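Next comes query_33.tsv, a file with TSV, C-alpha atoms and all ligand atoms.
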```tsv
chain	number	residue	atom	x	y	z
Q	5	MET	CA	0.00	0.00	0.00
Q	6	PRO	CA	1.56	3.36	-1.00
Q	7	LYS	CA	2.07	5.89	1.79
Q	8	LEU	CA	1.37	9.59	1.97
Q	9	CYS	CA	4.05	11.77	3.51
Q	10	VAL	CA	3.18	15.28	4.69
Q	11	ALA	CA	6.01	17.82	4.44
Q	12	LEU	CA	5.99	20.04	7.52
Q	13	ASP	CA	7.70	23.08	6.02
Q	14	LEU	CA	6.14	25.23	8.73
Q	15	ASP	CA	6.79	27.06	12.02
Q	16	ARG	CA	6.95	24.94	15.12
Q	17	GLU	CA	3.50	25.92	16.38
Q	18	GLU	CA	1.86	25.48	12.96
Q	19	ALA	CA	3.58	22.13	12.55
Q	20	TYR	CA	2.42	20.87	15.94
Q	21	ARG	CA	-1.16	21.92	15.20
Q	22	LEU	CA	-1.07	20.15	11.84
Q	23	ILE	CA	0.51	16.98	13.28
Q	24	GLU	CA	-2.17	16.84	15.96
Q	25	SER	CA	-5.03	17.46	13.54
Q	26	LEU	CA	-3.75	14.77	11.15
Q	27	SER	CA	-2.59	12.31	13.81
Q	28	GLY	CA	-5.52	9.97	13.15
Q	29	TYR	CA	-4.37	9.27	9.59
Q	30	PRO	CA	-1.68	6.73	8.67
Q	31	LEU	CA	0.82	9.36	7.50
Q	32	VAL	CA	4.58	9.81	7.41
Q	33	PHE	CA	5.61	13.27	8.70
Q	34	LYS	CA	8.57	14.94	7.02
Q	35	ILE	CA	10.73	17.31	9.05
Q	36	GLY	CA	13.01	19.54	6.99
Q	37	PRO	CA	15.79	21.95	7.93
Q	38	LYS	CA	13.48	24.86	8.85
Q	39	LEU	CA	11.43	22.95	11.38
Q	40	PHE	CA	14.36	20.94	12.73
Q	41	LEU	CA	16.45	24.07	13.30
Q	42	GLU	CA	13.55	25.68	15.13
Q	43	ALA	CA	12.14	22.76	17.11
Q	44	GLY	CA	15.07	20.33	17.28
Q	45	ARG	CA	14.63	16.74	18.33
Q	46	GLU	CA	11.43	17.60	20.23
Q	47	VAL	CA	9.41	17.56	17.01
Q	48	ILE	CA	10.64	14.04	16.31
Q	49	GLU	CA	9.40	12.95	19.72
Q	50	VAL	CA	6.03	14.61	19.07
Q	51	VAL	CA	5.53	12.67	15.83
Q	52	LYS	CA	6.68	9.43	17.42
Q	53	GLY	CA	4.36	10.11	20.35
Q	54	TYR	CA	1.45	9.74	17.93
Q	55	GLY	CA	2.94	6.49	16.68
Q	56	ARG	CA	3.66	7.96	13.23
Q	57	GLU	CA	6.76	7.57	11.07
Q	58	VAL	CA	9.43	10.30	10.97
Q	59	PHE	CA	11.17	11.37	7.78
Q	60	LEU	CA	14.13	13.63	8.57
Q	61	ASP	CA	14.87	15.49	5.38
Q	62	MET	CA	18.34	17.01	5.78
Q	63	LYS	CA	19.63	16.16	2.27
Q	64	PHE	CA	23.22	15.63	3.32
Q	65	HIS	CA	25.89	16.42	0.72
Q	66	ASP	CA	29.33	16.70	2.29
Q	67	ILE	CA	32.63	14.85	2.66
Q	68	PRO	CA	32.22	11.14	3.51
Q	69	ASN	CA	33.29	11.43	7.15
Q	70	THR	CA	30.93	14.32	7.89
Q	71	VAL	CA	27.99	12.48	6.37
Q	72	LYS	CA	28.85	9.30	8.25
Q	73	LEU	CA	28.86	11.21	11.57
Q	74	ALA	CA	25.49	12.76	10.67
Q	75	VAL	CA	23.96	9.37	9.85
Q	76	GLU	CA	25.18	8.04	13.21
Q	77	GLU	CA	23.37	10.90	14.98
Q	78	ALA	CA	20.18	10.36	12.95
Q	79	GLU	CA	20.27	6.69	13.96
Q	80	LYS	CA	20.38	7.75	17.62
Q	81	LEU	CA	17.28	9.91	17.03
Q	82	GLY	CA	15.50	6.84	15.68
Q	83	VAL	CA	14.18	8.42	12.49
Q	84	ASP	CA	12.55	6.13	9.93
Q	85	TYR	CA	13.80	7.87	6.77
Q	86	LEU	CA	16.79	10.13	6.11
Q	87	THR	CA	17.84	11.87	2.89
Q	88	LEU	CA	21.22	12.49	1.30
Q	89	HIS	CA	22.18	13.68	-2.18
Q	90	THR	CA	23.35	10.95	-4.55
Q	91	LEU	CA	25.33	13.71	-6.31
Q	92	GLY	CA	27.53	13.64	-3.20
Q	93	GLY	CA	29.24	10.70	-4.87
Q	94	ARG	CA	29.78	7.01	-4.35
Q	95	GLU	CA	32.30	7.33	-1.51
Q	96	MET	CA	30.01	9.62	0.47
Q	97	LEU	CA	27.08	7.23	-0.03
Q	98	GLU	CA	29.13	4.18	0.96
Q	99	SER	CA	30.27	5.99	4.07
Q	100	ALA	CA	26.64	6.75	4.95
Q	101	VAL	CA	25.65	3.11	4.41
Q	102	SER	CA	28.46	1.98	6.73
Q	103	ALA	CA	26.81	3.97	9.57
Q	104	ARG	CA	23.24	2.95	8.78
Q	105	ARG	CA	21.52	0.54	11.19
Q	106	LYS	CA	17.71	0.87	11.10
Q	107	THR	CA	17.04	4.14	9.29
Q	108	ASN	CA	16.01	3.94	5.63
Q	109	LEU	CA	18.61	5.95	3.71
Q	110	LEU	CA	17.07	7.72	0.73
Q	111	GLY	CA	19.24	9.11	-2.04
Q	112	VAL	CA	17.88	12.26	-3.65
Q	113	THR	CA	18.42	11.92	-7.40
Q	114	ILE	CA	17.45	15.14	-9.20
Q	115	LEU	CA	15.29	17.63	-7.33
Q	116	THR	CA	11.76	17.98	-8.63
Q	117	SER	CA	12.32	21.75	-8.79
Q	118	GLN	CA	15.00	21.26	-11.44
Q	119	GLY	CA	14.21	20.90	-15.13
Q	120	GLU	CA	16.16	20.38	-18.31
Q	121	GLU	CA	18.13	23.66	-17.91
Q	122	TYR	CA	19.95	21.98	-15.01
Q	123	LEU	CA	21.80	19.81	-17.47
Q	124	ASP	CA	23.68	22.49	-19.35
Q	125	PHE	CA	27.00	21.60	-17.71
Q	126	ILE	CA	26.86	17.83	-18.20
Q	127	LYS	CA	24.88	17.61	-21.38
Q	128	THR	CA	27.38	15.57	-23.31
Q	129	ARG	CA	27.07	12.58	-20.99
Q	130	PHE	CA	23.39	12.79	-20.07
Q	131	PRO	CA	20.93	13.78	-22.79
Q	132	SER	CA	18.08	14.40	-20.33
Q	133	VAL	CA	17.36	14.93	-16.64
Q	134	LYS	CA	15.73	11.51	-16.62
Q	135	GLU	CA	18.95	9.83	-17.84
Q	136	LEU	CA	20.93	11.52	-15.08
Q	137	ALA	CA	18.36	10.53	-12.44
Q	138	LEU	CA	18.54	6.90	-13.64
Q	139	TYR	CA	22.33	6.96	-13.46
Q	140	LEU	CA	22.21	8.29	-9.87
Q	141	ALA	CA	19.57	5.75	-8.87
Q	142	ASP	CA	21.81	2.95	-10.19
Q	143	ILE	CA	24.61	4.23	-7.93
Q	144	ALA	CA	22.19	4.38	-4.99
Q	145	LYS	CA	21.33	0.73	-5.58
Q	146	ASP	CA	24.95	-0.22	-6.08
Q	147	VAL	CA	26.19	1.24	-2.79
Q	148	GLY	CA	23.30	-0.22	-0.78
Q	149	LEU	CA	20.96	2.68	-0.09
Q	150	ASP	CA	17.40	1.68	0.83
Q	151	GLY	CA	15.60	4.02	-1.51
Q	152	VAL	CA	15.68	7.08	-3.71
Q	153	VAL	CA	13.85	10.38	-3.93
Q	154	CYS	CA	12.93	11.09	-7.53
Q	155	SER	CA	10.18	12.65	-9.62
Q	156	ALA	CA	7.25	10.71	-11.02
Q	157	GLN	CA	8.79	11.28	-14.45
Q	158	GLU	CA	11.42	8.59	-13.90
Q	159	VAL	CA	10.00	6.56	-11.01
Q	160	TYR	CA	8.70	3.74	-13.22
Q	161	GLU	CA	12.09	3.13	-14.81
Q	162	ILE	CA	13.94	3.50	-11.49
Q	163	LYS	CA	11.64	1.00	-9.79
Q	164	ARG	CA	12.03	-1.44	-12.67
Q	165	ARG	CA	15.83	-1.20	-12.71
Q	166	THR	CA	16.61	-1.02	-9.00
Q	167	GLY	CA	13.62	-2.30	-7.03
Q	168	LEU	CA	14.49	0.35	-4.40
Q	169	LEU	CA	11.98	2.12	-2.17
Q	170	THR	CA	10.76	5.11	-4.18
Q	171	VAL	CA	9.81	8.44	-2.62
Q	172	VAL	CA	8.20	10.98	-4.92
Q	173	PRO	CA	7.69	14.71	-4.18
Q	174	GLY	CA	6.44	17.27	-6.71
Q	175	ILE	CA	2.87	16.06	-6.16
Q	176	ARG	CA	-0.08	18.37	-6.77
Q	177	VAL	CA	-3.84	18.19	-6.57
Q	178	SER	CA	-4.12	21.97	-7.08
Q	179	GLY	CA	-2.89	23.85	-10.12
Q	180	ASP	CA	-0.38	25.86	-8.08
Q	181	TYR	CA	3.04	24.38	-8.86
Q	182	GLY	CA	5.10	27.03	-7.00
Q	183	ASP	CA	8.79	26.25	-7.48
Q	184	GLN	CA	8.22	22.66	-8.64
Q	185	LYS	CA	8.89	21.86	-12.31
Q	186	ARG	CA	8.29	18.12	-12.64
Q	187	VAL	CA	4.83	17.80	-11.14
Q	188	PHE	CA	2.34	14.92	-11.15
Q	189	THR	CA	-0.91	13.93	-9.41
Q	190	PRO	CA	-0.91	11.42	-6.53
Q	191	ASN	CA	-2.55	8.77	-8.71
Q	192	LYS	CA	-0.15	9.18	-11.58
Q	193	ALA	CA	2.87	8.98	-9.24
Q	194	VAL	CA	1.55	5.84	-7.57
Q	195	SER	CA	0.58	4.17	-10.83
Q	196	GLU	CA	4.15	4.84	-12.06
Q	197	GLY	CA	5.55	3.02	-8.99
Q	198	ALA	CA	5.90	5.52	-6.10
Q	199	ASP	CA	5.94	3.82	-2.69
Q	200	ILE	CA	5.67	7.10	-0.78
Q	201	ILE	CA	4.35	10.36	-2.19
Q	202	VAL	CA	5.36	13.61	-0.50
Q	203	MET	CA	2.94	16.53	-0.30
Q	204	GLY	CA	3.50	19.84	1.48
Q	205	ARG	CA	1.83	23.06	0.43
Q	206	ASP	CA	-1.27	21.46	-1.10
Q	207	ILE	CA	-1.98	20.05	2.37
Q	208	TYR	CA	-0.75	22.62	4.87
Q	209	ARG	CA	-1.95	25.63	2.88
Q	210	SER	CA	-5.39	24.15	2.38
Q	211	ALA	CA	-8.31	25.48	4.44
Q	212	ASP	CA	-9.05	21.89	5.40
Q	213	PRO	CA	-5.87	19.74	5.43
Q	214	GLY	CA	-7.75	16.72	6.77
Q	215	LYS	CA	-10.08	16.74	3.79
Q	216	VAL	CA	-7.20	16.87	1.30
Q	217	VAL	CA	-5.46	14.01	3.14
Q	218	GLU	CA	-8.68	11.99	3.16
Q	219	ARG	CA	-9.21	12.50	-0.58
Q	220	VAL	CA	-5.66	11.57	-1.43
Q	221	LEU	CA	-5.69	8.50	0.82
Q	222	GLU	CA	-9.04	7.50	-0.64
Q	223	SER	CA	-7.71	7.82	-4.17
Q	224	LEU	CA	-4.75	5.65	-3.16
Q	225	GLY	CA	-7.17	3.01	-1.94
Q	226	GLU	CA	-6.68	3.47	1.83
Q	301	LIG	O1	13.69	15.20	-0.55
Q	301	LIG	C1	12.56	15.71	-0.68
Q	301	LIG	O2	11.66	15.46	0.11
Q	301	LIG	C2	12.32	16.53	-1.89
Q	301	LIG	C3	13.05	16.20	-3.02
Q	301	LIG	C4	12.74	16.80	-4.25
Q	301	LIG	O3	13.30	16.47	-5.29
Q	301	LIG	N1	11.74	17.72	-4.29
Q	301	LIG	C5	11.03	18.10	-3.17
Q	301	LIG	O4	10.11	18.94	-3.30
Q	301	LIG	N2	11.35	17.54	-1.95
Q	301	LIG	C6	10.63	17.97	-0.72
Q	301	LIG	O5	9.23	17.65	-0.84
Q	301	LIG	C7	8.42	18.69	-0.29
Q	301	LIG	C8	7.49	19.20	-1.40
Q	301	LIG	O6	6.69	20.22	-0.89
Q	301	LIG	P1	5.50	20.86	-1.75
Q	301	LIG	O7	6.10	21.33	-3.07
Q	301	LIG	O8	5.03	21.98	-0.88
Q	301	LIG	O9	4.49	19.76	-1.93
Q	301	LIG	C9	9.38	19.76	0.26
Q	301	LIG	O10	9.52	19.53	1.66
Q	301	LIG	C10	10.70	19.50	-0.44
Q	301	LIG	O11	11.82	19.80	0.39
```

Please go through the file and, once you have read it, give me the structure as structure tokens.
Amino acid sequence: MPKLCVALDLDREEAYRLIESLSGYPLVFKIGPKLFLEAGREVIEVVKGYGREVFLDMKFHDIPNTVKLAVEEAEKLGVDYLTLHTLGGREMLESAVSARRKTNLLGVTILTSQGEEYLDFIKTRFPSVKELALYLADIAKDVGLDGVVCSAQEVYEIKRRTGLLTVVPGIRVSGDYGDQKRVFTPNKAVSEGADIIVMGRDIYRSADPGKVVERVLESLGE
């Protein structure tokens, strides 16, 4: 059964209100840098207190030793999912895997806010963003990551090639794309092979977040 992940790109108080109001639904809650810097580990405890899964989205991209130390700390926090950039390179990813115990390590391939213009500097090797995302997903598989973050544009091919857990942001039910470029509906993403879809603004900016969550879960067959 695919999962819905709610991105809590909010203030501490707003995030706590939203977590509480949505705590009855089987959701994954994603904590990014803004909320983590403001609320710290307390927000992780709040989510866990409701018995829900925690996705700590720090998107590490640093030298191998620094990333390894960060993964060790995330393990101590007991988060369920943790992100790092596959563009950080094979050695960095292997170093992260060496520190991983229980947390699902997710390699971000190409951000959903990036489009074809991103490729200008590596065009000779990769004719499209999709090709580059596939290449990075293959590395993620190779080094032993648990999953990848990718757009719905390439998730089918990534799933087919790697069998990894697939996490797909850039999901919209409204027409307001904001900064996202590669955008798909929940159904389309899931039918292409997404295991977890990530939704932020369409939920937390809605007048009735619970209703949006219910509709999305319903359409996913919950
Ligand atoms: O790693 C992520 O979660 C992520 C990767 C990516 O390629 N694109 C992307 O949008 N995200 C995250 O997914 C969420 C999407 O939020 P909305 O665009 O508001 O639905 C944000 O928290 C982003 O940080």

Write out as an NGL selection string the residues lying within 10 Å of Gly82 in chain Q, counting only C-alpha atoms and excluding same-chain residues fewer than 6 positions away. :Q and (48-49 or 52 or 57-58 or 60 or 105-107)

Would you export the selected residues with C-alpha atoms as an mmCIF file, keeping the file's coordinate frame, please?
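Result file follows (selection_35.cif):
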```cif
data_model
loop_
_atom_site.group_PDB
_atom_site.id
_atom_site.type_symbol
_atom_site.label_atom_id
_atom_site.label_comp_id
_atom_site.auth_asym_id
_atom_site.auth_seq_id
_atom_site.Cartn_x
_atom_site.Cartn_y
_atom_site.Cartn_z
ATOM 1 C CA ILE Q 48 10.640 14.040 16.310
ATOM 2 C CA GLU Q 49 9.400 12.950 19.720
ATOM 3 C CA LYS Q 52 6.680 9.430 17.420
ATOM 4 C CA GLU Q 57 6.760 7.570 11.070
ATOM 5 C CA VAL Q 58 9.430 10.300 10.970
ATOM 6 C CA LEU Q 60 14.130 13.630 8.570
ATOM 7 C CA ARG Q 105 21.520 0.540 11.190
ATOM 8 C CA LYS Q 106 17.710 0.870 11.100
ATOM 9 C CA THR Q 107 17.040 4.140 9.290
#
```

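The shortest atom-to-atom distance to Ile114 in chain Q, with all atoms listed in the file taken into account, belongs to Q:Gly174 out of Q:Pro213, Q:Gly174, Q:Gly167, Q:Gly148.
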
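Closest approach to ligand LIG 301 (chain Q) among Q:Ile175, Q:Ala211, Q:Ile23, Q:Val187: Q:Ile175, based on all atoms listed in the file.
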
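If only C-alpha atoms and all ligand atoms are the atoms counted, then among Q:Leu168, Q:Ile67, Q:Leu97, Q:Ile207 the closest residue to ligand LIG 301 (chain Q) is Q:Ile207.
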
Taking all atoms listed in the file into account, which of Q:Gly93, Q:Pro30, Q:Gly197, Q:Pro173 comes nearest ligand LIG 301 (chain Q)? Q:Pro173

Just want the 8 Å neighbourhood of Val32 in chain Q, counted on only C-alpha atoms, with same-chain residues fewer than 6 positions away dropped. Output as a list in words. Lys7, Leu8, Cys9, Val10, Arg56, Glu57, Val58 and Phe59 of chain Q

Could you please extract the residues within 10 Å of ligand LIG 301 (chain Q), counting only C-alpha atoms and all ligand atoms, and hand them back as a VMD selection string? chain Q and resid 9 to 14 34 to 38 59 to 63 86 to 89 110 to 118 152 to 155 171 to 177 180 to 187 201 to 209

So which one's closest to Glu42 in chain Q, Q:Ala137, Q:Lys163, Q:Arg16, Q:Thr128? Using all atoms listed in the file, please. Q:Arg16

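Closest approach to Val71 in chain Q from the set Q:Met96, Q:Ala198, Q:Val220, Q:Leu26 is made by Q:Met96, with distances taken over all atoms listed in the file.
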
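The interatomic distance for the pair CA of Asn108 in chain Q and CA of Ser25 in chain Q works out to 26.2 Å.
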
Can you tell me how far CA of Asp199 in chain Q sits from CA of Gly151 in chain Q, in Å to one decimal? 9.7 Å

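Interatomic distance, CA of Val133 in chain Q to CA of Glu121 in chain Q: 8.9 Å.
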
If I wrap all listed atoms of range 100-105 of chain Q in a box with edges along x, y and z and add 5 Å on each side, what are its centre and edge lengths in Å to one decimal, as lines of an AutoDock Vina configuration file?
```
center_x = 25.0
center_y = 3.6
center_z = 7.8
size_x = 16.9
size_y = 16.2
size_z = 16.8
```

Surrounding residues of Leu123 in chain Q excluding itself and chain neighbours under 5 positions, 9 Å, all atoms listed in the file, as an NGL selection string: :Q and (130-133 or 136)

Enumerate, as JSON, numbers by chain, the protein, DNA and RNA residues whose atoms approach (33.3, 10.2, 9.1) to within 10 Å, taking into account all atoms listed in the file and the coordinate frame of the file. {"Q": [67, 68, 69, 70, 71, 72, 73, 74, 75, 76, 96, 99, 100, 102, 103]}
